[in-house]
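Novice: Starting off with a structure, shown below.
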Amino acid sequence: MVNLTIDGKEVAVKEGTTILKAARFAGIEIPTLCYHERLNPIGSCRMCIVEIEGLAHPMTACNTPVTEGIIVTTDSPRLQKMRMETLKLLLVKHPLDCPVCDKGGECTLQDLVHEFEIEGAVYQAEREKQEFSYPTPLINYWPDRCIMCLRCATACREIKGLGAIDIDGSGFNAIINAVNPDKCESCGECIQVCPTGALTENLTGYKGRPWMVNRVMTTCTYCGCGCQLEINVFNNRIVGITTKDGIGVNKGSLCVKGRFGYEFIESEERLTKPLIKKDGRFHEASWDEALGLVAEKLKAIKASHGADAIAGLSSARCTNEENYLMQKFMRAVIGTNNIDHCARL
Amino acid sequence: MAGLATAFGSGAMTNPIADVLKSEVILVTGSNTTENHPIFANYIKEAVLKKGAKLIVIDPRKIDLVDYASIWLRPKPGTDVAWINGLLHVIIREDLHDAEYIKERTEGFEELKACVEKYNPEYVSEISGIPSSDLINAALTYGKAKPASIMYAMGITQHITGTDNVKSLANLAMLCGNVGVEGGGINPLRGQNNVQGACDLGALPNVFTGYQPVTNDEVRQKFEKTWGVDSLQSTAGLTVTEMFNAAEEGKVKAMYIMGENPMLSDPDVHHIEHCVKSLEFLVVQDIFLTETAEYADVVLPGVPFAEKDGTFTNSERRVQRVRRAIQPRGEAREDHWIICELSKRMGYHMDYGSPSEIMEEIRTVTPSYAGITYERIEKEGISWPCPGEDHPGTAILHLERFARGKGLFSAIDYKKPAELPDKEYPFLLTTGRVLEHYHTGTMTRKGKGLNMLYPELLAEINPEDAVGLGIESGDFVTVTSRRGDIKVKTIISERPDRGVVFVPFHFKESPANILTINAIDPIAKIPEYKVCAVRVERQKDKTGD
């Protein structure tokens with residue numbers, strides 16, 4: 001174990017722990033922007049700077065490991081001023097377009113600017129307009145809003161092992177660009193980790209503000225991974241799919257189908273009324289008519305040909321409870337074991 | 001699932017997916033994990049990139065995971081038993097098997113040993129096309145690792161020898177003492193969100209919930225009592241494939257199909273169409289007017305997951321909540337409501353205030369789900385078996401002993417696929433999914449997003465074959481089997497081997513299952529989607545018309 005002091009508190013942590021993690025362990029919050037739990041420290045934003053007694057310059061807490069006996073200060077007028085300058089420099093590029101930004105209301109940059117009581121963009125710089133291409137049409141990239149924290153490129157490389165995007169250019173002209181566009185799987189890991197509105201979903205035009213949206217945690221309907229996701233609902237319509245870091249088997253990840261494959265639910269082609277076929281054509285019917293007809297036909301076939309003349313297919317798309325009822329229906333009501341589903345297909 | 005049930009006594013993933021982070025070696029076969037189980041693939045990549053695990057990929061296609069693999073073997077499709085026996089042969093020959101584990105926990109080893117005797121690397125190479133040195137390398141890598149895990153999916157099961165393939169993989173895992181240990185195991189990745197749950201809840205012709213056999217008197221009596229009926233049928237019913245054949249023969253007169261689309265998903269679509277047309281009465285319950293629903297006499301509008309409450313059970317046997325986010329569209333209703341209403345009209349009352357009440361009934365008749373309540377899984381799912389409310393659930397199966405007592409080795413010989421390429425049909429067709437789409441496309445082809453990424457079917461053809469056929473990427477070809485033909489656009493790609501064509505089955509305009517063969521595994525009744533013989537011909541006008 002390594003012993004150190006953070007803001008006057010004595011802390012003992014395992015060797016190799018970073019100062020940031022040691023502080024969090026001790027219940028001390030250090031502001032961060034580029035740091036993300038799932039990623040190796042990036043150290044690009046310099047918000048997490050701390051003073052270490054005996055060192056002239058502050059160090060970034062996210063990627064500095066603890067050493068025996070160090071005395072760390074996480075908050076001082078000097079650190080406050082430096083962090084404030086960092087934020088002001090980010091605002092040189094980042095427009096204060098929060099009212100029209102999808103992320104307004106749940107943006108880490110917005111929260112920090114508010115917390116540090118910065119009242120507007122104070123610096124300006126000449127910038128060249130950069131040509132860029134994002135590797136998937138399902139995501140919009142807003143280079144002006146991008147603060148070059150590199151969470152997106154790091155997540156693409158570290159979590160997905162792909163490296164489809166990376167930093168391109170330098171200084172105020174730097175942007176995120178597609179470096180291996182063919183590698184992109186459109187999973188949206190980059191959106192998930194983006195702390196600002198630099199990356200936004202390009203599917204739903206109709207969106208509610210984050211605080212107006214109801215997020216319902218549920219289980220994905222596609223493959224057997226069983227990812228936990230949040231259906232974003234506004235006015236009884238689905239306006240997006242998100243997930244939460246650390247929840248379920250997916251721990252904050254989703255795939256292209258889980259994140260972007262929700263449009264079918266709102267499809268105009270959905271069946272909204274029971275249909276009965278007459279003379280080769282479907283006609284809309286009431287539930288009473290449709291169910292009455294089904295019951296009558298099944299009873300008649302059972303009576304004349306026996307229960308085994310009827311077969312049922314249940315569904316891996318339906319819930320456990322529905323599968324249970326379907327097999328119960330076939331076994332207890334119809335009286336046959338002719339019940340199966342698509343497990344084999 | 002039948003394969004694992006024979007070997008271990010339970011046919012489900014033995015270990016949780018996060019366990020691969022503890023594996024020294026991960027063997028992935030017959031699973032294009034990055035496209036079909038992208039989140040599981042994240043874990044495999046993390047194990048390789050961050051934890052230093054070695055990945056062995058054994059797959060006829062050069063799938064994306066190959067980029068992360070230390071070893072990639074490319075067998076000819078349908079030769080799985082041969083190369084697995086080859087691995088067993090080398091591991092036994094090199095004395096890398098876990099003798100103590102075999103003695104303590106398994107039976108049938110001597111028969112297995114005798115059976116794999118002849119599967120030396122040279123012999124296996126002749127059958128599978130895998131160079132013998134590569135096979136030896138893979139065997140040594142898997143054999144020396146502790147623990148090592150195995151992942152497989154439909155590339156293993158969708159063969160007439162599917163059950164044999166699975167039993168063979170179970171042999172491999174047991175041989176090296178890798179079952180019932182952290183970071184080990186043998187893990188079938190379930191292809192559909194709730195295929196595990198549908199099996200668990202008895203949507204199978206031979207078992208009630210929790211795999212309780214319909215042939216068992218005590219089990220039947222329990223269900224008769226709970227359900228309030230006189231006598232439940234004591235013989236197994238028909239499987240999907242058998243149902244359709246019985247319809248064609250006039251034995252099955254009516255079908256009630258909920259949330260399935262066999263007209264695109266089942267092999268030899270022309271045959272299925274004929275079977276469905278032979279029915280006197282067909283009811284289809286779905287969210288769209290699917291290809292199958294078109295043939296129905298009555299169509300009942302169900303709702304998708306976002307409009308209902310309930311639970312799904314994932315591939316890790318974890319029972320998780322499904323929660324209603326929006327109200328049902330129009331007059332569409334939850335499938336459980338529809339079944340209850342129909343049941344009432346048939347003279348049997350099913351009354352449940354909510355899906356949680358259905359779960360309460362499930363718990364009383366299903367020992368493996370007995371401890372699972374909505375309250376307990378509110379925040380986090382629980383993996384079965386969970387026999388009581390004070391039981392935490394079971395992450396790893398077969399820890400102390402196998403569900404059946406001792407693990408059973410099966411001595412299995414290699415058998416050829418039902419239909420192999422010949423002079424008339426020189427290519428081998430294999431079918432599957434792509435990342436952007438799902439099964440019959442009922443859901444994924446409705447919106448614009450996923451279709452921007454993958455708008456139309458692309459058949460993958462190897463560059464050398466493309467030269468022979470005189471085609472380039474984007475040209476159209478006709479693919480013909482003994483059962484029918486489809487016109488498809490091609491993409492020239494290193495992914496399939498020479499002589500192999502890969503066609504995704506999501507597209508109703510060019511249904512791959514017009515071509516596939518209705519040859520099934522005799523035990524699991526899974527069709528052989530991964531191997532049949534086809535002819536590929538260039539379309540003269542280079543368009544699809």
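Residue names in the structure tokens use chain letters A, B, ... in the order shown, residue numbers from 1 in each chain, and ligand numbers from 1 in the order shown.
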Considering only C-alpha atoms, return as a ChimeraX atom specification whatever protein or nucleic-acid residues lie within 8 Å of Arg538 (chain B), sequence-local ones (same chain, fewer than 3 positions apart) excluded.

Specialist: /B:469-471,475-478,542

Novice: Determine which residues of chain B sit within 6 Å of chain A, taking into account only C-alpha atoms, and present them as an NGL selection string.

Specialist: :B and (42 or 190-195 or 197-198 or 201 or 203-205 or 236-240 or 251-259 or 287-288 or 297-301 or 310-312 or 314-315 or 322-323 or 325-326 or 330-332 or 336 or 342 or 345-346 or 358 or 443 or 446-447 or 526)

Novice: I want to know what sits within 9 Å of Glu182 (chain B), based on only C-alpha atoms, with residues of the same chain fewer than 4 positions away left out; could you give that as a VMD selection string?

Specialist: chain B and resid 15 19 to 20 22 to 23 147 178 396 399

Novice: Would you mind exporting N, CA and C atoms of the selected residues as a PDB file, in the first residue's frame?

Specialist:
ATOM      1  N   ASN B  15     -20.822 -20.468 -18.542  1.00  0.00           N
ATOM      2  CA  ASN B  15     -20.172 -19.373 -17.814  1.00  0.00           C
ATOM      3  C   ASN B  15     -20.739 -18.021 -18.232  1.00  0.00           C
ATOM      4  N   ASP B  19     -16.652 -13.681 -17.938  1.00  0.00           N
ATOM      5  CA  ASP B  19     -15.636 -14.660 -17.564  1.00  0.00           C
ATOM      6  C   ASP B  19     -14.493 -14.769 -18.573  1.00  0.00           C
ATOM      7  N   VAL B  20     -14.729 -14.405 -19.814  1.00  0.00           N
ATOM      8  CA  VAL B  20     -13.638 -14.530 -20.798  1.00  0.00           C
ATOM      9  C   VAL B  20     -12.464 -13.627 -20.424  1.00  0.00           C
ATOM     10  N   LYS B  22     -11.112 -13.714 -17.780  1.00  0.00           N
ATOM     11  CA  LYS B  22     -10.234 -14.546 -16.951  1.00  0.00           C
ATOM     12  C   LYS B  22      -9.648 -15.715 -17.736  1.00  0.00           C
ATOM     13  N   SER B  23      -9.964 -15.808 -19.025  1.00  0.00           N
ATOM     14  CA  SER B  23      -9.476 -16.937 -19.823  1.00  0.00           C
ATOM     15  C   SER B  23      -8.062 -16.667 -20.327  1.00  0.00           C
ATOM     16  N   PRO B 147      -7.304 -21.309 -17.361  1.00  0.00           N
ATOM     17  CA  PRO B 147      -8.426 -21.950 -18.040  1.00  0.00           C
ATOM     18  C   PRO B 147      -8.551 -21.462 -19.496  1.00  0.00           C
ATOM     19  N   ASN B 178     -11.899 -28.007 -18.419  1.00  0.00           N
ATOM     20  CA  ASN B 178     -12.295 -26.605 -18.515  1.00  0.00           C
ATOM     21  C   ASN B 178     -13.774 -26.343 -18.247  1.00  0.00           C
ATOM     22  N   ILE B 396     -21.911 -19.752 -12.786  1.00  0.00           N
ATOM     23  CA  ILE B 396     -21.175 -20.811 -13.488  1.00  0.00           C
ATOM     24  C   ILE B 396     -21.836 -22.155 -13.201  1.00  0.00           C
ATOM     25  N   LEU B 399     -20.145 -26.537 -11.309  1.00  0.00           N
ATOM     26  CA  LEU B 399     -18.963 -26.217 -10.503  1.00  0.00           C
ATOM     27  C   LEU B 399     -18.409 -27.437  -9.771  1.00  0.00           C
TER      28      LEU B 399
END

Novice: In Å, how far is it from CA of Ser168 (chain B) to CA of Glu494 (chain B)?

Specialist: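 Value for the CA of Ser168 (chain B)-CA of Glu494 (chain B) distance: 28.7 Å.
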
Novice: From region 18-160 of chain A, collect each residue whose DSSP state is helix (DSSP H, G or I) and return the set as a ChimeraX atom specification.

Specialist: /A:19-25,77-93,98-100,108-115,143-145,151-158

Novice: Give me, please, the distance in Å between CA of Gly108 (chain B) and CA of Leu172 (chain B), quoted to one decimal.

Specialist: 13.1 Å

Novice: With a distance cut-off of 10 Å and only C-alpha atoms, select the neighbouring residues of Gly228 (chain B), excluding the residue or stretch itself and same-chain residues fewer than 4 positions from it, and output the selection as an NGL selection string.

Specialist: (:A and (332)) or (:B and (222-224 or 348))

Novice: Just the number, please: distance in Å from CA of Gly246 (chain A) to CA of Ala153 (chain A), one decimal.

Specialist: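 Spanning CA of Gly246 (chain A) to CA of Ala153 (chain A) is a straight-line distance of 19.8 Å.
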
Novice: So that I can check the surroundings of His437 (chain B), please list as JSON, numbers by chain every protein, DNA and RNA residue that reaches within 8 Å of it, counting only C-alpha atoms and ignoring chain neighbours fewer than 4 positions away.

Specialist: {"A": [257], "B": [433, 441, 444, 445, 450, 454, 506]}

Novice: The selected residues should be written to file as an mmCIF file, in the first residue's frame (atoms: N, CA and C atoms).

Specialist:
data_model
loop_
_atom_site.group_PDB
_atom_site.id
_atom_site.type_symbol
_atom_site.label_atom_id
_atom_site.label_comp_id
_atom_site.auth_asym_id
_atom_site.auth_seq_id
_atom_site.Cartn_x
_atom_site.Cartn_y
_atom_site.Cartn_z
ATOM 1 N N LYS A 257 -27.512 -1.985 -33.865
ATOM 2 C CA LYS A 257 -28.941 -2.320 -33.837
ATOM 3 C C LYS A 257 -29.579 -1.839 -32.536
ATOM 4 N N ARG B 433 -26.042 -13.882 -40.934
ATOM 5 C CA ARG B 433 -26.515 -12.513 -40.743
ATOM 6 C C ARG B 433 -25.407 -11.501 -40.997
ATOM 7 N N GLY B 441 -35.425 -9.463 -41.101
ATOM 8 C CA GLY B 441 -35.488 -8.048 -41.456
ATOM 9 C C GLY B 441 -36.795 -7.379 -41.082
ATOM 10 N N THR B 444 -35.417 -4.647 -38.614
ATOM 11 C CA THR B 444 -34.303 -3.780 -39.021
ATOM 12 C C THR B 444 -34.482 -3.151 -40.397
ATOM 13 N N ARG B 445 -35.370 -3.696 -41.223
ATOM 14 C CA ARG B 445 -35.501 -3.126 -42.566
ATOM 15 C C ARG B 445 -36.615 -2.096 -42.637
ATOM 16 N N LEU B 450 -30.576 1.916 -40.323
ATOM 17 C CA LEU B 450 -29.813 0.706 -40.593
ATOM 18 C C LEU B 450 -29.724 0.442 -42.091
ATOM 19 N N TYR B 454 -26.694 -0.594 -44.737
ATOM 20 C CA TYR B 454 -26.695 -1.856 -45.486
ATOM 21 C C TYR B 454 -28.019 -1.972 -46.215
ATOM 22 N N HIS B 506 -31.588 -12.020 -44.642
ATOM 23 C CA HIS B 506 -32.550 -11.019 -44.154
ATOM 24 C C HIS B 506 -33.495 -10.479 -45.219
#

Novice: Please extract the residues of region 5-185 of chain A with a backbone DSSP assignment of strand (DSSP E) and present them as a list in words.

Specialist: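 Result set for region 5-185 of chain A (strand (DSSP E)): Thr5, Ile6, Lys9, Glu10, Val11, Ala12, Val13, Ile49, Val50, Glu51, Ile52, Met59, Thr60, Ile71, Val72, Thr73, Ile139, Asn140, Tyr141, Ile165, Asp166, Ile167, Asp168, Ile175, Ile176, Asn177 and Ala178 of chain A.
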
Novice: Could you give me, as number ranges by chain, the residues within 9 Å of Ala22 (chain A), counting only C-alpha atoms and dropping anything in the same chain fewer than 2 positions from it?

Specialist: A: 4, 6, 11-14, 17-20, 24-28, 66

Novice: Have a look at B:Val66, B:Met350, B:Ala395, B:Val124 and name the one nearest to Trp227 (chain B); count only C-alpha atoms.

Specialist: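 Going through B:Val66, B:Met350, B:Ala395, B:Val124 one by one, the smallest distance to Trp227 (chain B) is for B:Met350.
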
Novice: Residues near Ile42 (chain A), anyone? I mean within 9 Å using only C-alpha atoms, not counting same-chain ones fewer than 4 positions away, as a short mmCIF file (atom, residue, chain, number, x, y, z; two decimals) with N, CA and C atoms, in the first residue's frame.

Specialist:
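The resulting file, selection-v5.cif, is reproduced below:
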data_model
loop_
_atom_site.label_atom_id
_atom_site.label_comp_id
_atom_site.auth_asym_id
_atom_site.auth_seq_id
_atom_site.Cartn_x
_atom_site.Cartn_y
_atom_site.Cartn_z
N CYS A 34 -12.02 15.06 -19.67
CA CYS A 34 -11.66 13.99 -20.62
C CYS A 34 -11.61 12.62 -19.94
N TYR A 35 -11.48 12.59 -18.64
CA TYR A 35 -11.37 11.31 -17.93
C TYR A 35 -12.68 10.52 -18.03
N HIS A 36 -12.57 9.20 -18.30
CA HIS A 36 -13.75 8.35 -18.34
C HIS A 36 -13.40 7.01 -17.71
N CYS A 62 -5.41 12.49 -13.20
CA CYS A 62 -5.95 11.29 -13.84
C CYS A 62 -4.86 10.31 -14.25
N ASN A 63 -3.68 10.81 -14.58
CA ASN A 63 -2.63 9.91 -15.07
C ASN A 63 -1.34 9.97 -14.27
N CYS A 149 -11.22 16.28 -26.46
CA CYS A 149 -10.91 15.51 -25.26
C CYS A 149 -10.42 14.12 -25.64
N LEU A 150 -10.77 13.67 -26.85
CA LEU A 150 -10.33 12.39 -27.42
C LEU A 150 -10.97 11.16 -26.78
N ARG A 151 -12.03 11.39 -25.99
CA ARG A 151 -12.74 10.22 -25.45
C ARG A 151 -13.25 9.33 -26.58
N THR A 154 -10.53 7.35 -28.28
CA THR A 154 -9.99 6.38 -27.32
C THR A 154 -10.96 5.22 -27.13
#

Novice: So, counting only C-alpha atoms, which residue among B:Val166, B:Lys508, B:Val500, B:Ala7 is closest to Pro60 (chain B)?

Specialist: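 Closest to Pro60 (chain B) of all the choices is B:Val500.
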